[in-house]
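Content type CSV, C-alpha atoms, from the file entry_24.csv:
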chain,number,residue,atom,x,y,z
A,1,SER,CA,-31.9,-5.4,0.6
A,2,ARG,CA,-32.4,-7.6,3.7
A,3,MET,CA,-30.1,-8.0,6.7
A,4,ASP,CA,-31.9,-10.6,8.7
A,5,GLU,CA,-30.2,-13.9,9.8
A,6,GLU,CA,-31.3,-15.8,6.8
A,7,ALA,CA,-29.9,-13.1,4.4
A,8,LEU,CA,-26.7,-12.9,6.4
A,9,GLU,CA,-26.3,-16.7,6.2
A,10,ASN,CA,-26.9,-16.7,2.5
A,11,MET,CA,-24.3,-13.9,2.0
A,12,LEU,CA,-21.7,-15.9,3.9
A,13,GLN,CA,-22.5,-19.0,1.9
A,14,VAL,CA,-22.0,-17.1,-1.4
A,15,ILE,CA,-18.8,-15.5,-0.1
A,16,LYS,CA,-17.4,-18.9,0.8
A,17,LYS,CA,-18.7,-20.8,-2.3
A,18,LYS,CA,-17.6,-18.2,-4.8
A,19,LYS,CA,-14.2,-17.8,-3.1
A,20,VAL,CA,-14.7,-14.0,-2.8
A,21,LYS,CA,-11.4,-12.3,-2.2
A,22,CYS,CA,-12.5,-8.7,-1.4
A,23,LEU,CA,-15.6,-7.5,0.4
A,24,VAL,CA,-16.6,-3.9,-0.4
A,25,GLY,CA,-19.7,-2.7,1.4
A,26,TYR,CA,-21.4,-0.2,3.7
A,27,SER,CA,-19.8,-0.2,7.1
A,28,SER,CA,-23.1,-0.9,8.8
A,29,ALA,CA,-23.7,-3.9,6.6
A,30,LEU,CA,-20.2,-5.3,7.2
A,31,GLY,CA,-20.8,-4.7,10.9
A,32,GLU,CA,-24.0,-6.7,10.8
A,33,LEU,CA,-22.2,-9.5,9.1
A,34,SER,CA,-19.5,-9.4,11.8
A,35,THR,CA,-22.1,-9.5,14.5
A,36,TYR,CA,-23.8,-12.5,12.9
A,37,ILE,CA,-20.4,-14.3,12.6
A,38,GLU,CA,-19.8,-13.6,16.3
A,39,LYS,CA,-23.3,-14.7,17.4
A,40,LYS,CA,-23.0,-18.0,15.5
A,41,GLN,CA,-19.4,-18.5,16.6
A,42,MET,CA,-18.4,-19.1,13.0
A,43,ASP,CA,-14.8,-19.9,12.0
A,44,CYS,CA,-13.9,-18.0,8.8
A,45,LYS,CA,-10.5,-19.6,8.2
A,46,ASP,CA,-11.8,-21.5,5.2
A,47,PHE,CA,-12.9,-18.2,3.5
A,48,CYS,CA,-10.7,-16.7,0.8
A,49,VAL,CA,-11.3,-13.1,1.8
A,50,ARG,CA,-8.0,-11.1,1.6
A,51,ALA,CA,-9.3,-7.6,2.0
A,52,ILE,CA,-12.3,-5.8,3.4
A,53,ILE,CA,-13.2,-2.2,2.3
A,54,PRO,CA,-15.9,-0.4,4.2
A,55,ILE,CA,-17.4,2.5,2.2
A,56,SER,CA,-19.8,5.5,2.6
A,57,GLU,CA,-19.8,5.4,6.4
A,58,SER,CA,-17.1,5.5,9.0
A,59,MET,CA,-16.5,2.1,10.6
A,60,PRO,CA,-16.1,2.0,14.4
A,61,ASN,CA,-12.7,0.8,15.3
A,62,PRO,CA,-14.0,-2.1,17.4
A,63,VAL,CA,-15.9,-3.5,14.4
A,64,ARG,CA,-12.8,-3.0,12.1
A,65,ARG,CA,-10.6,-4.9,14.5
A,66,THR,CA,-13.2,-7.7,14.9
A,67,LEU,CA,-13.5,-8.1,11.2
A,68,GLU,CA,-9.7,-8.3,10.8
A,69,LYS,CA,-9.6,-11.1,13.4
A,70,GLN,CA,-12.6,-13.0,11.9
A,71,PHE,CA,-11.3,-13.0,8.4
A,72,GLY,CA,-7.5,-12.7,9.1
A,73,CYS,CA,-7.2,-9.8,6.6
A,74,PRO,CA,-6.8,-6.0,6.6
A,75,VAL,CA,-9.9,-3.8,6.8
A,76,ARG,CA,-9.1,-0.4,5.2
A,77,ALA,CA,-11.6,2.2,4.2
A,78,TRP,CA,-11.3,4.4,1.1
A,79,TYR,CA,-11.7,8.1,1.1
A,80,SER,CA,-13.8,8.8,-2.0
A,81,ASN,CA,-16.7,10.7,-3.5
A,82,GLU,CA,-18.8,10.4,-6.6
A,83,GLU,CA,-17.2,13.3,-8.3
A,84,ASN,CA,-13.5,12.4,-7.9
A,85,GLY,CA,-13.4,8.7,-7.2
A,86,ILE,CA,-10.9,7.2,-4.7
A,87,MET,CA,-8.7,9.8,-3.1
A,88,GLY,CA,-7.1,8.1,-0.2
A,89,LEU,CA,-6.8,4.9,1.8
A,90,GLN,CA,-7.0,4.3,5.5
A,91,ASN,CA,-3.7,3.6,7.4
A,92,ALA,CA,-3.0,0.2,8.8
A,93,GLU,CA,-2.1,1.4,12.3
A,94,ASP,CA,-4.8,4.0,12.9
A,95,ASP,CA,-8.0,5.5,11.6
A,96,GLY,CA,-6.2,8.2,9.6
A,97,TYR,CA,-5.9,8.3,5.8
A,98,HIS,CA,-3.0,8.5,3.4
A,99,ILE,CA,-4.2,10.9,0.7
A,100,ASP,CA,-3.4,10.9,-3.0
A,101,THR,CA,-1.5,14.1,-3.5
A,102,GLU,CA,-0.3,13.1,-6.9
A,103,THR,CA,-3.7,13.3,-8.6
A,104,TYR,CA,-5.4,15.8,-6.5
A,105,PHE,CA,-4.5,19.1,-4.9
A,106,TYR,CA,-6.1,19.5,-1.4
A,107,GLU,CA,-6.6,22.5,0.7
A,108,ILE,CA,-7.8,22.2,4.2
A,109,LEU,CA,-9.4,25.5,5.0
A,110,LYS,CA,-10.8,27.0,8.2
A,111,MET,CA,-14.4,26.2,9.0
A,112,ASP,CA,-15.5,29.8,8.8
A,113,SER,CA,-13.1,31.4,6.2
A,114,ASP,CA,-11.0,30.5,3.2
A,115,GLU,CA,-7.8,30.8,5.2
A,116,PRO,CA,-5.7,27.6,5.4
A,117,ALA,CA,-6.3,25.6,8.6
A,118,GLU,CA,-3.3,24.8,10.8
A,119,ASP,CA,-2.1,21.2,11.1
A,120,GLY,CA,-4.2,19.6,13.7
A,121,GLU,CA,-7.1,22.0,13.3
A,122,LEU,CA,-10.5,20.9,12.0
A,123,GLY,CA,-11.1,22.2,8.5
A,124,ARG,CA,-13.0,21.9,5.2
A,125,ILE,CA,-11.6,19.8,2.4
A,126,VAL,CA,-11.3,21.7,-0.9
A,127,ILE,CA,-10.2,19.6,-3.9
A,128,THR,CA,-8.7,20.4,-7.3
A,129,ASP,CA,-8.6,17.4,-9.6
A,130,LEU,CA,-5.3,17.7,-11.5
A,131,TYR,CA,-6.1,15.2,-14.3
A,132,ASN,CA,-9.8,15.5,-15.0
A,133,TYR,CA,-9.8,17.2,-18.4
A,134,ALA,CA,-13.3,16.2,-19.4
A,135,PHE,CA,-14.9,18.1,-16.5
A,136,PRO,CA,-12.4,20.1,-14.5
A,137,ILE,CA,-13.0,20.2,-10.8
A,138,LEU,CA,-11.3,23.3,-9.4
A,139,ARG,CA,-11.4,24.2,-5.7
A,140,TYR,CA,-14.4,22.0,-5.0
A,141,ASP,CA,-15.6,22.3,-1.4
A,142,ASN,CA,-17.2,18.9,-1.2
A,143,GLY,CA,-18.6,19.4,2.3
A,144,ASP,CA,-16.2,17.0,4.0
A,145,THR,CA,-14.3,18.0,7.1
A,146,ALA,CA,-11.0,16.7,8.5
A,147,VAL,CA,-8.0,17.2,10.7
A,148,ALA,CA,-4.9,17.0,8.6
A,149,LYS,CA,-1.1,17.1,9.0
A,150,HIS,CA,1.6,17.7,6.4
A,151,VAL,CA,4.6,15.4,6.5
A,152,GLU,CA,7.8,15.8,4.6
A,153,LYS,CA,9.5,12.7,3.3
A,154,ASP,CA,12.4,12.7,0.8
A,155,GLY,CA,11.9,16.4,0.1
A,156,ARG,CA,8.2,15.9,-0.8
A,157,PHE,CA,5.2,16.9,1.3
A,158,LYS,CA,2.5,14.3,1.9
A,159,LEU,CA,-1.0,15.0,3.3
A,160,TYR,CA,-2.4,12.8,6.0
A,161,LEU,CA,-5.9,13.1,7.4
A,162,THR,CA,-5.6,12.1,11.0
A,163,GLU,CA,-9.4,12.4,11.4
A,164,LEU,CA,-12.0,12.4,8.8
A,165,TYR,CA,-15.5,13.5,9.9
A,166,GLY,CA,-17.4,13.6,6.6
A,167,ARG,CA,-20.0,16.2,5.7
A,168,ARG,CA,-20.3,19.4,7.6
A,169,SER,CA,-24.0,18.9,7.9
A,170,ASP,CA,-23.2,15.7,9.9
A,171,LEU,CA,-21.1,17.6,12.6
A,172,ILE,CA,-22.2,17.7,16.2
A,173,TYR,CA,-20.8,20.2,18.6
A,174,ASP,CA,-20.1,19.8,22.3
A,175,CYS,CA,-21.2,22.2,25.1
A,176,SER,CA,-18.1,24.3,24.5
A,177,GLY,CA,-18.9,24.8,20.8
A,178,LYS,CA,-16.1,22.4,19.6
A,179,PRO,CA,-17.0,20.1,16.8
A,180,VAL,CA,-17.0,16.4,17.5
A,181,THR,CA,-17.5,13.5,15.2
A,182,PRO,CA,-21.0,12.0,15.2
A,183,TYR,CA,-19.3,8.6,15.3
A,184,ILE,CA,-18.7,9.2,19.0
A,185,ILE,CA,-22.4,8.4,19.4
A,186,THR,CA,-22.0,5.3,17.3
A,187,ASN,CA,-19.0,4.1,19.1
A,188,ASN,CA,-20.5,4.7,22.6
A,189,LEU,CA,-23.8,3.1,21.7
A,190,TRP,CA,-22.3,0.2,19.6
A,191,ASP,CA,-22.8,-2.5,22.2
A,192,ILE,CA,-26.2,-1.3,23.4
A,193,LYS,CA,-29.0,-3.5,21.9
Final C-alpha cells representation of the file:
Amino acid sequence: SRMDEEALENMLQVIKKKKVKCLVGYSSALGELSTYIEKKQMDCKDFCVRAIIPISESMPNPVRRTLEKQFGCPVRAWYSNEENGIMGLQNAEDDGYHIDTETYFYEILKMDSDEPAEDGELGRIVITDLYNYAFPILRYDNGDTAVAKHVEKDGRFKLYLTELYGRRSDLIYDCSGKPVTPYIITNNLWDIK
C-alpha cells in the first residue's frame, strides 16, 4: 500500500531473503522499484529473480529494459483479463504479444463496425473462449483495442498483437483523428520529475 523509500527497501529485502524467483506486479510499482534500485545504485546479482511479469498496465520499454539489466532476467507482460485469464505473452524482442489461439478464438474488428480489421489496422478485440463450459463466453467485446497480424507457420495461422492499447475508453486521438496509445504520454514524460 506504500511505495516510499522505506517500503521499497523492505520489499527488496524480502525479495532477496525469501529468494523470490518471479516478480508479478503492477507496471508502475515495478517501475518505482527499478527507479529505487537505480537511485541507490544497488547490485541485484545476488537476487534469485528469474522472471518479471508486469500486469494491468503497459510498461514503458525503457523501464522494461532497465529491469532486465538490473535483475538479469526477462520481463514479459501477460495479456489477460478477469473473465478469460491469461491469453497471451509479450514477445522477447518487441512489445508485441503472442496470443493463445488454441484456447480462444479472436476477432479483431473495425472500430466502428463488426467487419474484420485488416492486418496492421487498429481494431477491437472480440473473444470466444473455446473451453469454458461452465460459463460460455461467446464473441465478448472486452473493450480492448489492438493492431494485429496473422502469420502462417507450418500450415497453421497464428495471431500476433503488434500493438496492444487496452480499453477503448483509454484511447487518445491525434489532431488528424487517428488513435494513439496513451502510453505515448507516459513514455514522453517518464523522465520528468
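Closest to Asn61 (chain A) among A:Ala7, A:Val151, A:Val75, A:Leu164 is A:Val75, based on only C-alpha atoms.
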Nearest-residue call for Thr103 (chain A), choices A:Gly155, A:Asn81, A:Thr128, A:Pro116, using only C-alpha atoms: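 Result for the nearest residue to Thr103 (chain A): A:Thr128.
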Residues of region 51-132 of chain A at most 12 Å from region 25-42 of chain A: nearest atom pair and distance in Å, all atoms listed in the file, as a tab-separated table:
residue	atom	partner	partner_atom	distance
A:Ala51	CA	A:Gly25	CA	11.5
A:Ile52	CA	A:Gly25	CA	8.3
A:Ile53	CA	A:Gly25	CA	6.6
A:Pro54	CA	A:Ser27	CA	4.9
A:Ile55	CA	A:Tyr26	CA	5.1
A:Ser56	CA	A:Tyr26	CA	6.0
A:Glu57	CA	A:Ser27	CA	5.6
A:Ser58	CA	A:Ser27	CA	6.6
A:Met59	CA	A:Ser27	CA	5.3
A:Pro60	CA	A:Ser27	CA	8.5
A:Asn61	CA	A:Gly31	CA	10.7
A:Pro62	CA	A:Gly31	CA	9.8
A:Val63	CA	A:Gly31	CA	6.1
A:Arg64	CA	A:Gly31	CA	8.3
A:Arg65	CA	A:Ser34	CA	10.3
A:Thr66	CA	A:Ser34	CA	7.2
A:Leu67	CA	A:Ser34	CA	6.2
A:Glu68	CA	A:Ser34	CA	9.9
A:Lys69	CA	A:Ser34	CA	10.2
A:Gln70	CA	A:Ser34	CA	7.8
A:Phe71	CA	A:Ser34	CA	9.6
A:Val75	CA	A:Leu30	CA	10.4
A:Arg76	CA	A:Ser27	CA	10.9
A:Ala77	CA	A:Ser27	CA	9.0
A:Trp78	CA	A:Gly25	CA	11.0
Closest of A:Asp119, A:Asp4, A:Asp129, A:Glu83 to Asp100 (chain A) - atom-to-atom distances counting all atoms listed in the file: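 Looking at the shortest contact to Asp100 (chain A), the residue is A:Asp129.
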Distance in Å - CA of Tyr104 (chain A) versus CA of Leu23 (chain A):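 Answer for the CA of Tyr104 (chain A) to CA of Leu23 (chain A) separation: 26.4 Å.
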CA of Asp144 (chain A) to CA of Gly123 (chain A), distance in Å rounded to a single decimal: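 Here the two named atoms are 8.6 Å from each other.
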Atomic distance CA of Lys19 (chain A) - CA of Glu5 (chain A), expressed in Å with one decimal: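 Value for the CA of Lys19 (chain A)-CA of Glu5 (chain A) distance: 20.9 Å.
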Nearest-residue call for Met111 (chain A), choices A:Asp94, A:Glu82, A:Glu163, A:Asp141, using only C-alpha atoms: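 Nearest to Met111 (chain A): A:Asp141.
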